[in-house]
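Asks: Contents are TSV, C-alpha atoms; file name work-v4.tsv:
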chain	number	residue	atom	x	y	z
A	1	MET	CA	0.00	0.00	0.00
A	2	ASP	CA	1.38	3.41	-0.86
A	3	GLU	CA	2.25	6.15	1.61
A	4	THR	CA	-0.81	8.33	1.12
A	5	LEU	CA	-3.14	5.43	1.76
A	6	GLU	CA	-1.33	4.13	4.85
A	7	GLY	CA	-4.02	5.55	7.10
A	8	ALA	CA	-6.42	3.08	5.53
A	9	THR	CA	-5.82	0.56	8.32
A	10	ALA	CA	-7.66	2.67	10.85
A	11	ASP	CA	-10.29	3.63	8.31
A	12	ARG	CA	-11.26	0.14	7.12
A	13	PRO	CA	-14.70	0.16	8.78
A	14	LYS	CA	-15.30	3.50	7.10
A	15	VAL	CA	-14.33	1.99	3.77
A	16	ILE	CA	-16.89	-0.76	4.35
A	17	GLY	CA	-19.41	1.99	4.90
A	18	ILE	CA	-18.31	3.70	1.72
A	19	VAL	CA	-18.62	0.53	-0.32
A	20	GLY	CA	-21.99	-0.13	1.27
A	21	ALA	CA	-23.06	3.35	0.24
A	22	VAL	CA	-21.96	2.60	-3.31
A	23	ILE	CA	-23.97	-0.63	-3.38
A	24	VAL	CA	-27.03	1.15	-2.04
A	25	SER	CA	-26.44	4.00	-4.49
A	26	VAL	CA	-26.27	1.77	-7.54
A	27	LEU	CA	-29.26	-0.26	-6.37
A	28	PHE	CA	-31.14	2.97	-5.81
A	29	ILE	CA	-30.49	4.24	-9.32
A	30	PHE	CA	-31.25	0.84	-10.79
A	31	LEU	CA	-34.52	0.31	-8.99
A	32	ALA	CA	-35.76	3.88	-9.14
A	33	VAL	CA	-35.20	4.40	-12.82
A	34	LEU	CA	-36.22	0.89	-13.83
A	35	ALA	CA	-39.44	1.20	-11.87
A	36	ILE	CA	-40.32	4.40	-13.67
A	37	GLY	CA	-39.75	3.37	-17.23
A	38	VAL	CA	-39.47	-0.03	-18.85
A	39	PRO	CA	-38.97	-1.46	-21.43
A	40	ILE	CA	-35.56	-0.14	-22.40
A	41	MET	CA	-35.30	1.41	-25.83
A	42	THR	CA	-34.75	-1.19	-28.60
A	43	LEU	CA	-35.70	-4.09	-26.31
A	44	LYS	CA	-39.07	-5.65	-26.99
A	45	SER	CA	-40.54	-6.30	-23.59
A	46	GLN	CA	-40.38	-5.44	-19.94
A	47	TRP	CA	-39.00	-8.92	-19.29
A	48	GLU	CA	-36.10	-8.47	-21.70
A	49	SER	CA	-35.31	-5.15	-20.07
A	50	ALA	CA	-35.36	-6.66	-16.61
A	51	VAL	CA	-33.08	-9.57	-17.65
A	52	TYR	CA	-30.67	-7.18	-19.40
A	53	SER	CA	-30.52	-4.86	-16.39
A	54	ILE	CA	-29.96	-7.68	-13.90
A	55	LEU	CA	-27.23	-9.31	-16.03
A	56	ILE	CA	-25.45	-6.01	-16.49
A	57	PHE	CA	-25.82	-5.25	-12.79
A	58	LEU	CA	-24.13	-8.51	-11.69
A	59	PRO	CA	-20.48	-7.42	-12.27
A	60	VAL	CA	-21.08	-4.11	-10.44
A	61	ALA	CA	-22.66	-5.90	-7.52
A	62	THR	CA	-19.84	-8.49	-7.47
A	63	VAL	CA	-17.18	-5.78	-7.30
A	64	CYS	CA	-19.01	-4.03	-4.46
A	65	VAL	CA	-19.51	-7.24	-2.47
A	66	LEU	CA	-15.86	-8.29	-2.97
A	67	ALA	CA	-14.70	-4.85	-1.83
A	68	ALA	CA	-16.90	-5.05	1.26
A	69	ILE	CA	-15.57	-8.53	2.12
A	70	LYS	CA	-11.93	-7.57	1.52
A	71	SER	CA	-12.09	-4.34	3.46
A	72	GLY	CA	-13.66	-6.25	6.35
A	73	LYS	CA	-10.93	-8.93	6.35
A	74	THR	CA	-7.92	-6.61	6.05
A	75	PRO	CA	-6.65	-5.65	9.52
B	1	MET	CA	-36.76	5.23	-32.14
B	2	LYS	CA	-39.46	5.01	-29.48
B	3	PHE	CA	-39.63	7.05	-26.30
B	4	LEU	CA	-41.57	6.21	-23.18
B	5	PRO	CA	-44.24	8.61	-21.94
B	6	LEU	CA	-42.56	11.32	-19.87
B	7	ASN	CA	-42.87	10.90	-16.13
B	8	THR	CA	-42.40	14.05	-14.08
B	9	LEU	CA	-40.99	11.98	-11.24
B	10	SER	CA	-37.93	10.90	-13.27
B	11	PRO	CA	-36.02	14.22	-13.28
B	12	VAL	CA	-36.96	14.89	-9.65
B	13	ILE	CA	-35.64	11.47	-8.55
B	14	ALA	CA	-32.50	11.88	-10.65
B	15	GLU	CA	-31.73	15.35	-9.30
B	16	LEU	CA	-32.56	14.59	-5.68
B	17	GLY	CA	-31.04	11.08	-5.80
B	18	PHE	CA	-27.68	12.17	-7.16
B	19	SER	CA	-27.50	15.10	-4.73
B	20	ILE	CA	-27.90	12.65	-1.83
B	21	LEU	CA	-25.43	10.19	-3.38
B	22	ALA	CA	-22.85	12.93	-3.95
B	23	ALA	CA	-23.21	14.09	-0.34
B	24	LEU	CA	-22.72	10.49	0.87
B	25	VAL	CA	-19.70	9.89	-1.31
B	26	PHE	CA	-18.23	13.30	-0.39
B	27	TYR	CA	-18.62	12.40	3.28
B	28	ALA	CA	-16.95	9.03	2.70
B	29	GLY	CA	-14.11	10.64	0.73
B	30	SER	CA	-13.55	13.30	3.38
B	31	LYS	CA	-13.38	10.63	6.09
B	32	ARG	CA	-10.76	8.78	4.07
B	33	PHE	CA	-8.70	11.54	2.42
B	34	GLY	CA	-9.69	14.65	4.38
B	35	THR	CA	-12.20	17.33	3.46
B	36	LYS	CA	-9.70	19.53	1.57
B	37	LYS	CA	-8.48	16.83	-0.83
B	38	THR	CA	-12.01	15.52	-1.36
B	39	ALA	CA	-13.18	19.06	-2.14
B	40	ILE	CA	-10.31	19.45	-4.64
B	41	PHE	CA	-11.26	16.09	-6.18
B	42	PHE	CA	-14.87	17.30	-6.45
B	43	LEU	CA	-13.96	20.67	-8.01
B	44	GLY	CA	-11.52	18.91	-10.34
B	45	SER	CA	-14.25	16.52	-11.46
B	46	ILE	CA	-16.46	19.53	-12.33
B	47	LEU	CA	-13.68	21.06	-14.41
B	48	TRP	CA	-12.97	17.67	-15.97
B	49	THR	CA	-16.50	16.75	-17.05
B	50	GLY	CA	-18.34	20.09	-17.31
B	51	PRO	CA	-16.65	21.55	-20.42
B	52	LEU	CA	-16.49	18.15	-22.13
B	53	GLU	CA	-20.19	17.42	-21.65
B	54	ASN	CA	-21.16	20.97	-22.65
B	55	PHE	CA	-19.06	20.58	-25.80
B	56	ALA	CA	-20.87	17.34	-26.66
B	57	VAL	CA	-24.28	18.99	-26.13
B	58	LEU	CA	-23.23	21.98	-28.26
B	59	ARG	CA	-22.17	19.59	-31.04
B	60	GLY	CA	-25.69	18.14	-30.97
B	61	ALA	CA	-24.82	14.68	-29.69
B	62	TYR	CA	-27.55	14.78	-27.04
B	63	THR	CA	-29.79	17.09	-25.05
B	64	TYR	CA	-30.94	17.32	-21.47
B	65	TYR	CA	-34.10	19.28	-22.29
B	66	GLY	CA	-36.40	16.22	-22.54
B	67	TYR	CA	-38.46	17.44	-19.59
B	68	ALA	CA	-38.43	21.15	-20.45
B	69	ASN	CA	-41.84	22.83	-19.95
B	70	LEU	CA	-43.35	19.65	-18.54
B	71	ILE	CA	-43.71	20.59	-14.87
B	72	TYR	CA	-44.63	24.21	-15.64
B	73	PRO	CA	-44.00	26.59	-18.57
B	74	ASN	CA	-40.38	27.73	-19.06
B	75	TYR	CA	-39.06	25.29	-16.44
B	76	PRO	CA	-36.01	23.67	-18.11
B	77	GLY	CA	-36.69	20.26	-16.58
B	78	TYR	CA	-34.03	20.40	-13.86
B	79	LEU	CA	-33.46	22.90	-11.07
B	80	THR	CA	-29.70	23.51	-11.30
B	81	TRP	CA	-27.56	23.75	-14.43
B	82	LEU	CA	-23.93	24.13	-15.43
B	83	GLY	CA	-24.24	25.65	-18.87
B	84	LEU	CA	-26.25	23.19	-20.94
B	85	LEU	CA	-25.72	20.48	-18.39
B	86	PRO	CA	-27.93	19.65	-15.38
B	87	PHE	CA	-25.78	19.83	-12.28
B	88	TRP	CA	-26.79	16.33	-11.17
B	89	ILE	CA	-24.85	14.96	-14.16
B	90	VAL	CA	-21.68	16.53	-12.78
B	91	LEU	CA	-22.52	15.13	-9.36
B	92	GLY	CA	-22.94	11.71	-11.00
B	93	TRP	CA	-19.43	11.85	-12.46
B	94	PHE	CA	-18.07	12.72	-9.02
B	95	VAL	CA	-19.98	9.82	-7.43
B	96	PHE	CA	-18.58	7.25	-9.91
B	97	ALA	CA	-15.05	8.68	-10.00
B	98	MET	CA	-14.68	8.83	-6.21
B	99	SER	CA	-16.37	5.44	-5.62
B	100	GLY	CA	-14.12	3.76	-8.19
B	101	PHE	CA	-11.06	5.46	-6.71
B	102	LEU	CA	-11.91	4.24	-3.21
B	103	ILE	CA	-12.81	0.72	-4.25
B	104	PHE	CA	-9.84	0.01	-6.50
B	105	HIS	CA	-7.04	2.12	-5.01
B	106	ASP	CA	-7.93	1.53	-1.41
B	107	VAL	CA	-9.46	-1.93	-1.23
B	108	LEU	CA	-9.48	-4.32	-4.19
B	109	LEU	CA	-6.28	-3.47	-6.07
B	110	SER	CA	-4.33	-1.57	-3.42
B	111	LYS	CA	-1.05	-3.34	-4.28
B	112	LYS	CA	-1.32	-2.96	-8.06
B	113	ARG	CA	0.05	-0.19	-10.25
B	114	ALA	CA	-1.96	3.03	-10.56
B	115	LEU	CA	-2.54	2.30	-14.23
B	116	TYR	CA	-4.34	-1.00	-13.47
B	117	GLN	CA	-6.33	0.60	-10.66
B	118	ALA	CA	-7.47	3.39	-12.98
B	119	ALA	CA	-8.31	0.93	-15.76
B	120	ALA	CA	-10.41	-1.16	-13.36
B	121	SER	CA	-12.20	1.98	-12.21
B	122	GLY	CA	-12.89	2.91	-15.83
B	123	LEU	CA	-14.32	-0.53	-16.63
B	124	PHE	CA	-16.44	-0.39	-13.46
B	125	ALA	CA	-17.88	2.92	-14.65
B	126	VAL	CA	-18.60	1.54	-18.14
B	127	ASN	CA	-20.42	-1.37	-16.50
B	128	ILE	CA	-22.57	1.05	-14.50
B	129	ASP	CA	-23.29	3.08	-17.62
B	130	LEU	CA	-24.27	-0.03	-19.61
B	131	MET	CA	-27.01	-0.47	-17.04
B	132	MET	CA	-27.91	3.15	-16.51
B	133	ASP	CA	-27.69	4.80	-19.93
B	134	PRO	CA	-30.27	2.73	-21.85
B	135	ILE	CA	-32.75	3.14	-19.00
B	136	ALA	CA	-32.09	6.85	-18.51
B	137	SER	CA	-32.27	7.68	-22.22
B	138	SER	CA	-35.43	5.57	-22.56
B	139	ASN	CA	-36.91	7.83	-19.89
B	140	SER	CA	-35.69	10.98	-21.70
B	141	LEU	CA	-33.47	12.04	-18.80
B	142	TRP	CA	-31.19	12.76	-21.70
B	143	ILE	CA	-31.97	12.22	-25.38
B	144	TRP	CA	-29.41	10.97	-27.89
B	145	LEU	CA	-29.70	13.09	-31.03
B	146	THR	CA	-26.64	11.84	-32.86
B	147	GLY	CA	-27.00	9.42	-35.74
B	148	SER	CA	-23.84	7.65	-34.63
B	149	PHE	CA	-23.77	3.84	-34.39
B	150	LYS	CA	-25.76	2.71	-31.34
B	151	ILE	CA	-26.08	-0.27	-28.99
B	152	PHE	CA	-29.33	-0.45	-26.97
B	153	GLY	CA	-30.12	3.05	-28.17
B	154	VAL	CA	-26.79	4.40	-26.87
B	155	PRO	CA	-23.92	5.44	-29.18
B	156	LEU	CA	-20.87	3.18	-28.96
B	157	PHE	CA	-18.52	6.17	-28.54
B	158	ASN	CA	-20.33	7.03	-25.31
B	159	PHE	CA	-19.02	3.89	-23.60
B	160	VAL	CA	-15.47	4.64	-24.77
B	161	GLY	CA	-15.96	8.16	-23.42
B	162	TRP	CA	-17.08	6.83	-20.04
B	163	PHE	CA	-14.00	4.64	-19.78
B	164	LEU	CA	-11.62	7.44	-20.77
B	165	LEU	CA	-13.20	10.05	-18.49
B	166	ILE	CA	-12.98	7.89	-15.37
B	167	PHE	CA	-9.66	6.24	-16.31
B	168	ILE	CA	-7.82	9.52	-17.01
B	169	TYR	CA	-9.34	11.49	-14.14
B	170	ASP	CA	-8.40	8.64	-11.81
B	171	LEU	CA	-4.79	8.97	-12.99
B	172	ILE	CA	-4.85	12.77	-12.69
B	173	ALA	CA	-6.18	12.52	-9.13
B	174	GLN	CA	-3.64	9.87	-8.20
B	175	HIS	CA	-0.71	11.89	-9.62
B	176	THR	CA	-1.81	15.39	-8.59
B	177	ILE	CA	-4.31	15.37	-5.71
B	178	PHE	CA	-3.42	12.34	-3.61
B	179	HIS	CA	0.24	12.17	-4.66
B	180	SER	CA	2.67	14.57	-6.27
B	181	LYS	CA	4.05	12.72	-9.26
B	182	PRO	CA	5.01	13.61	-12.83
B	183	MET	CA	2.61	12.44	-15.55
B	184	ARG	CA	4.21	10.76	-18.53
B	185	GLY	CA	3.77	12.82	-21.66
B	186	LEU	CA	3.22	16.10	-19.79
B	187	SER	CA	6.57	16.28	-17.98
B	188	GLY	CA	8.37	18.21	-20.75
B	189	VAL	CA	5.76	20.96	-20.95
B	190	GLU	CA	5.40	21.12	-17.17
B	191	ARG	CA	9.16	21.57	-16.79
B	192	ILE	CA	8.86	24.73	-18.91
B	193	LEU	CA	5.61	26.00	-17.37
B	194	PHE	CA	6.22	25.20	-13.71
B	195	ARG	CA	10.05	24.94	-13.69
B	196	SER	CA	9.82	21.33	-12.56
B	197	SER	CA	8.25	18.17	-13.98
B	198	GLU	CA	6.71	17.16	-10.66
B	199	PRO	CA	4.88	19.02	-7.90
B	200	ALA	CA	6.88	19.84	-4.80
B	201	GLY	CA	5.90	18.28	-1.47
B	202	ASP	CA	2.53	16.92	-0.49
B	203	ARG	CA	0.67	20.14	-1.33
B	204	VAL	CA	-1.84	20.06	-4.19
B	205	GLU	CA	-0.67	22.51	-6.84
B	206	GLY	CA	-3.82	24.14	-8.19
B	207	LYS	CA	-2.25	25.48	-11.39
B	208	ARG	CA	-0.70	22.13	-12.24
B	209	LEU	CA	-4.01	20.36	-11.58
B	210	VAL	CA	-5.89	22.76	-13.85
B	211	PHE	CA	-3.21	22.43	-16.53
B	212	ARG	CA	-3.36	18.63	-16.47
B	213	ILE	CA	-7.17	18.59	-16.52
B	214	VAL	CA	-7.53	21.09	-19.38
B	215	THR	CA	-4.74	19.53	-21.47
B	216	LEU	CA	-5.96	15.95	-21.12
B	217	GLU	CA	-9.58	17.06	-21.57
B	218	THR	CA	-8.62	18.56	-24.93
B	219	VAL	CA	-6.86	15.34	-25.89
B	220	VAL	CA	-9.95	13.29	-24.96
B	221	ILE	CA	-12.26	15.58	-26.99
B	222	ILE	CA	-10.05	15.30	-30.08
B	223	PHE	CA	-9.65	11.54	-29.64
B	224	LEU	CA	-13.40	10.96	-29.22
B	225	THR	CA	-14.22	13.12	-32.25
B	226	ILE	CA	-11.88	11.08	-34.43
B	227	LEU	CA	-13.01	7.78	-32.90
B	228	THR	CA	-16.69	8.58	-33.49
B	229	ALA	CA	-16.02	9.25	-37.16
B	230	LEU	CA	-14.05	6.01	-37.38
B	231	ILE	CA	-16.77	3.94	-35.64
B	232	ASP	CA	-19.44	5.36	-37.96
B	233	TYR	CA	-17.30	4.77	-41.03
B	234	VAL	CA	-16.78	1.11	-40.08
B	235	ALA	CA	-20.40	0.58	-38.96
B	236	TYR	CA	-22.15	2.25	-41.88
B	237	THR	CA	-19.70	1.81	-44.76
B	238	VAL	CA	-17.52	-1.23	-44.21
B	239	LEU	CA	-19.94	-3.57	-42.35
Starting from the file, give its structure as structure tokens.
Replies:
Amino acid sequence: MDETLEGATADRPKVIGIVGAVIVSVLFIFLAVLAIGVPIMTLKSQWESAVYSILIFLPVATVCVLAAIKSGKTP
Amino acid sequence: MKFLPLNTLSPVIAELGFSILAALVFYAGSKRFGTKKTAIFFLGSILWTGPLENFAVLRGAYTYYGYANLIYPNYPGYLTWLGLLPFWIVLGWFVFAMSGFLIFHDVLLSKKRALYQAAASGLFAVNIDLMMDPIASSNSLWIWLTGSFKIFGVPLFNFVGWFLLIFIYDLIAQHTIFHSKPMRGLSGVERILFRSSEPAGDRVEGKRLVFRIVTLETVVIIFLTILTALIDYVAYTVL
């Protein structure tokens, strides 16, 4: 870890909070906007839009969950 | 191209939602890096994305006036603007840039090179946009006007733009705000302008930050303009 980020050790719980906020943020955008207007342009049905959105959301969610787990494990 | 019926709740949720998100992320950033550096990161992100987005709107690539006059006459659709850009868009860039910086520099890839961390942050942002952009443009939060080659109603160059904006700003922040390091390619000019190729000490040099942002922003604009023409040539002529 580089010098500027050395203070991270004491701030790990805060980082978990940050990552949690990101997860909630992305979920918020996803759910709020999806709830207002489906189907997505060029897709035929609401179902296709939902499947597309969930599939695309998976990598984002994975990154956030991994970050939360790792920041929790690191002393 | 079909558009969904306009829903007056959409711009309100977007504007209010991103204001709350930006406040949360700012708080998180200030806890981690200090209020001053987070504020500089925030102001830098405005300078980084504001002119570029305004340039794209001026060129007619897209518009944010989908909800103009809907709530009441002469209301532009959103409460706060930065030129032709609703301010919540700028807040959105800050949210994704700072979140990516925290996740990849601080947690997931803390031992990797800055270049890999920035690239991961850029890809993370593209992934978010792949989810968000088709939905948002379907709801007319912004409307794509360009005839450029599209995927799910969104121009391909937009995704390249998302990657570059987050990737390069991540590097600028790493080399100028959170560290004081020379940036490859700019060192020669900086040696002439600032009498040294790297900032002195741990202090954030405002002039150097502005210089790096404006220079690289210009490079991105030129690159995206050429790339868009190239994408359209291949998509509409060769394929």
Asks: Kindly provide the residues of chain B that approach chain A to within 6 Å, each paired with its closest atom pair and their distance in Å to one decimal, based on only C-alpha atoms, listed by chain and increasing number, as a Markdown table.
Replies:
| residue | atom | partner | partner_atom | distance |
| --- | --- | --- | --- | --- |
| B:Ala28 | CA | A:Ile18 | CA | 5.6 |
| B:Val107 | CA | A:Ser71 | CA | 5.9 |
| B:Leu108 | CA | A:Ala67 | CA | 5.8 |
| B:Ser110 | CA | A:Met1 | CA | 5.7 |
| B:Lys111 | CA | A:Met1 | CA | 5.5 |
| B:Met131 | CA | A:Ser53 | CA | 5.7 |
| B:Ile135 | CA | A:Ile40 | CA | 5.5 |
| B:Ser138 | CA | A:Met41 | CA | 5.3 |
| B:Asn139 | CA | A:Gly37 | CA | 5.9 |
| B:Phe152 | CA | A:Thr42 | CA | 5.7 |
| B:Gly153 | CA | A:Met41 | CA | 5.9 |
Asks: Quick one: residues within 9 Å of stretch 54-59 of chain B, only C-alpha atoms counted, chain neighbours fewer than 5 positions away excluded, as a PyMOL selection string?
Replies: chain B and resi 49+64+82-85+221
Asks: Could you state the separation of atom CA of B:Lys36 and atom CA of B:Tyr78 in Å, given to one decimal place?
Replies: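 Atom CA of B:Lys36 sits 28.8 Å away from atom CA of B:Tyr78.
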Asks: What's the separation between atom CA of B:Ser10 and atom CA of B:Ser140, in Å to one decimal place?
Replies: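 So the answer is 8.7 Å.
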Asks: For atom CA of B:Phe33 and atom CA of B:Phe178, quote the distance in Å rounded to one decimal.
Replies: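 Calculated distance between atom CA of B:Phe33 and atom CA of B:Phe178 is 8.1 Å.
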Asks: So, with only C-alpha atoms as the atoms that count, which of B:Gly34, B:Pro73, B:Gly122, B:Gly92 lies closest to B:Leu164?
Replies: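 Of B:Gly34, B:Pro73, B:Gly122, B:Gly92, the one nearest B:Leu164 is B:Gly122, counting only C-alpha atoms.
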Asks: Counting all atoms listed in the file, find the residues whose atoms lie at most 9 Å from (-38.4, 20.5, -17.8) (file coordinates) and write them out as a PyMOL selection string.
Replies: chain B and resi 8+11+64-79
Asks: Give me, as a PDB file with C-alpha atoms, in the frame of the given file, all polymer residues having an atom no more than 9 Å from B:Gly29, counting all atoms listed in the file and skipping those fewer than 5 positions away in the same chain.
Replies:
ATOM      1  CA  ILE A  18     -18.310   3.700   1.720  1.00  0.00           C
TER       2      ILE A  18
ATOM      3  CA  LEU B  24     -22.720  10.490   0.870  1.00  0.00           C
ATOM      4  CA  GLY B  34      -9.690  14.650   4.380  1.00  0.00           C
ATOM      5  CA  THR B  35     -12.200  17.330   3.460  1.00  0.00           C
ATOM      6  CA  LYS B  37      -8.480  16.830  -0.830  1.00  0.00           C
ATOM      7  CA  THR B  38     -12.010  15.520  -1.360  1.00  0.00           C
ATOM      8  CA  ALA B  39     -13.180  19.060  -2.140  1.00  0.00           C
ATOM      9  CA  MET B  98     -14.680   8.830  -6.210  1.00  0.00           C
ATOM     10  CA  SER B  99     -16.370   5.440  -5.620  1.00  0.00           C
ATOM     11  CA  LEU B 102     -11.910   4.240  -3.210  1.00  0.00           C
TER      12      LEU B 102
END
Asks: If we count all atoms listed in the file, what is near B:Ile20 at a cut-off of 10 Å, once residues fewer than 5 positions away on the same chain are taken out, given as a PDB file with C-alpha atoms, keeping the file's coordinate frame?
Replies:
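The result, written out as around_15.pdb:
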ATOM      1  CA  SER A  25     -26.440   4.000  -4.490  1.00  0.00           C
TER       2      SER A  25
ATOM      3  CA  ALA B  14     -32.500  11.880 -10.650  1.00  0.00           C
ATOM      4  CA  GLU B  15     -31.730  15.350  -9.300  1.00  0.00           C
ATOM      5  CA  VAL B  25     -19.700   9.890  -1.310  1.00  0.00           C
ATOM      6  CA  PHE B  26     -18.230  13.300  -0.390  1.00  0.00           C
ATOM      7  CA  LEU B  91     -22.520  15.130  -9.360  1.00  0.00           C
TER       8      LEU B  91
END
Asks: Contacts of B:Tyr169 at 10 Å or less, counting only C-alpha atoms, minus same-chain residues fewer than 4 places along, as a PyMOL selection string?
Replies: chain B and resi 41+44-45+48-49+97-98+101+118+122+164-165+173-175+212-213+216-217
Asks: Counting all atoms listed in the file, figure out which residue out of B:Ala61, B:Leu141, B:Leu230, B:Leu186 gets nearest to B:Asn158.
Replies: B:Ala61
Asks: Just checking: using only C-alpha atoms, which residue out of B:Phe194, B:Tyr116, B:Tyr62, B:Trp88 ends up closest to B:Ile168?
Replies: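 With only C-alpha atoms as the atom set, the closest residue is B:Tyr116.
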Asks: Pick the closest to B:Thr215 from B:Ile89, B:His105, B:Leu52, B:Ile40: which is it, counting only C-alpha atoms?
Replies: B:Leu52
Asks: Kindly complete stretch 80-91 of chain B to N, CA and C atoms; the output should be written as a PDB file, in the frame of the given file.
Replies:
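Once everything was written out, this is selection_31.pdb:
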ATOM      1  N   THR B  80     -31.027  22.871 -11.234  1.00  0.00           N
ATOM      2  CA  THR B  80     -29.700  23.510 -11.300  1.00  0.00           C
ATOM      3  C   THR B  80     -28.954  23.065 -12.547  1.00  0.00           C
ATOM      4  N   TRP B  81     -28.248  24.022 -13.172  1.00  0.00           N
ATOM      5  CA  TRP B  81     -27.560  23.750 -14.430  1.00  0.00           C
ATOM      6  C   TRP B  81     -26.125  24.267 -14.393  1.00  0.00           C
ATOM      7  N   LEU B  82     -25.286  23.645 -15.200  1.00  0.00           N
ATOM      8  CA  LEU B  82     -23.930  24.130 -15.430  1.00  0.00           C
ATOM      9  C   LEU B  82     -23.813  24.286 -16.947  1.00  0.00           C
ATOM     10  N   GLY B  83     -24.170  25.451 -17.417  1.00  0.00           N
ATOM     11  CA  GLY B  83     -24.240  25.650 -18.870  1.00  0.00           C
ATOM     12  C   GLY B  83     -25.436  24.899 -19.422  1.00  0.00           C
ATOM     13  N   LEU B  84     -25.170  23.972 -20.331  1.00  0.00           N
ATOM     14  CA  LEU B  84     -26.250  23.190 -20.940  1.00  0.00           C
ATOM     15  C   LEU B  84     -26.419  21.835 -20.264  1.00  0.00           C
ATOM     16  N   LEU B  85     -25.817  21.756 -19.087  1.00  0.00           N
ATOM     17  CA  LEU B  85     -25.720  20.480 -18.390  1.00  0.00           C
ATOM     18  C   LEU B  85     -26.409  20.560 -17.033  1.00  0.00           C
ATOM     19  N   PRO B  86     -27.372  19.645 -16.743  1.00  0.00           N
ATOM     20  CA  PRO B  86     -27.930  19.650 -15.380  1.00  0.00           C
ATOM     21  C   PRO B  86     -26.832  19.329 -14.383  1.00  0.00           C
ATOM     22  N   PHE B  87     -26.877  19.990 -13.235  1.00  0.00           N
ATOM     23  CA  PHE B  87     -25.780  19.830 -12.280  1.00  0.00           C
ATOM     24  C   PHE B  87     -25.696  18.413 -11.713  1.00  0.00           C
ATOM     25  N   TRP B  88     -26.828  17.690 -11.723  1.00  0.00           N
ATOM     26  CA  TRP B  88     -26.790  16.330 -11.170  1.00  0.00           C
ATOM     27  C   TRP B  88     -25.930  15.400 -12.032  1.00  0.00           C
ATOM     28  N   ILE B  89     -25.737  15.753 -13.302  1.00  0.00           N
ATOM     29  CA  ILE B  89     -24.850  14.960 -14.160  1.00  0.00           C
ATOM     30  C   ILE B  89     -23.406  15.082 -13.664  1.00  0.00           C
ATOM     31  N   VAL B  90     -23.019  16.304 -13.319  1.00  0.00           N
ATOM     32  CA  VAL B  90     -21.680  16.530 -12.780  1.00  0.00           C
ATOM     33  C   VAL B  90     -21.518  15.785 -11.459  1.00  0.00           C
ATOM     34  N   LEU B  91     -22.565  15.842 -10.637  1.00  0.00           N
ATOM     35  CA  LEU B  91     -22.520  15.130  -9.360  1.00  0.00           C
ATOM     36  C   LEU B  91     -22.369  13.625  -9.596  1.00  0.00           C
TER      37      LEU B  91
END
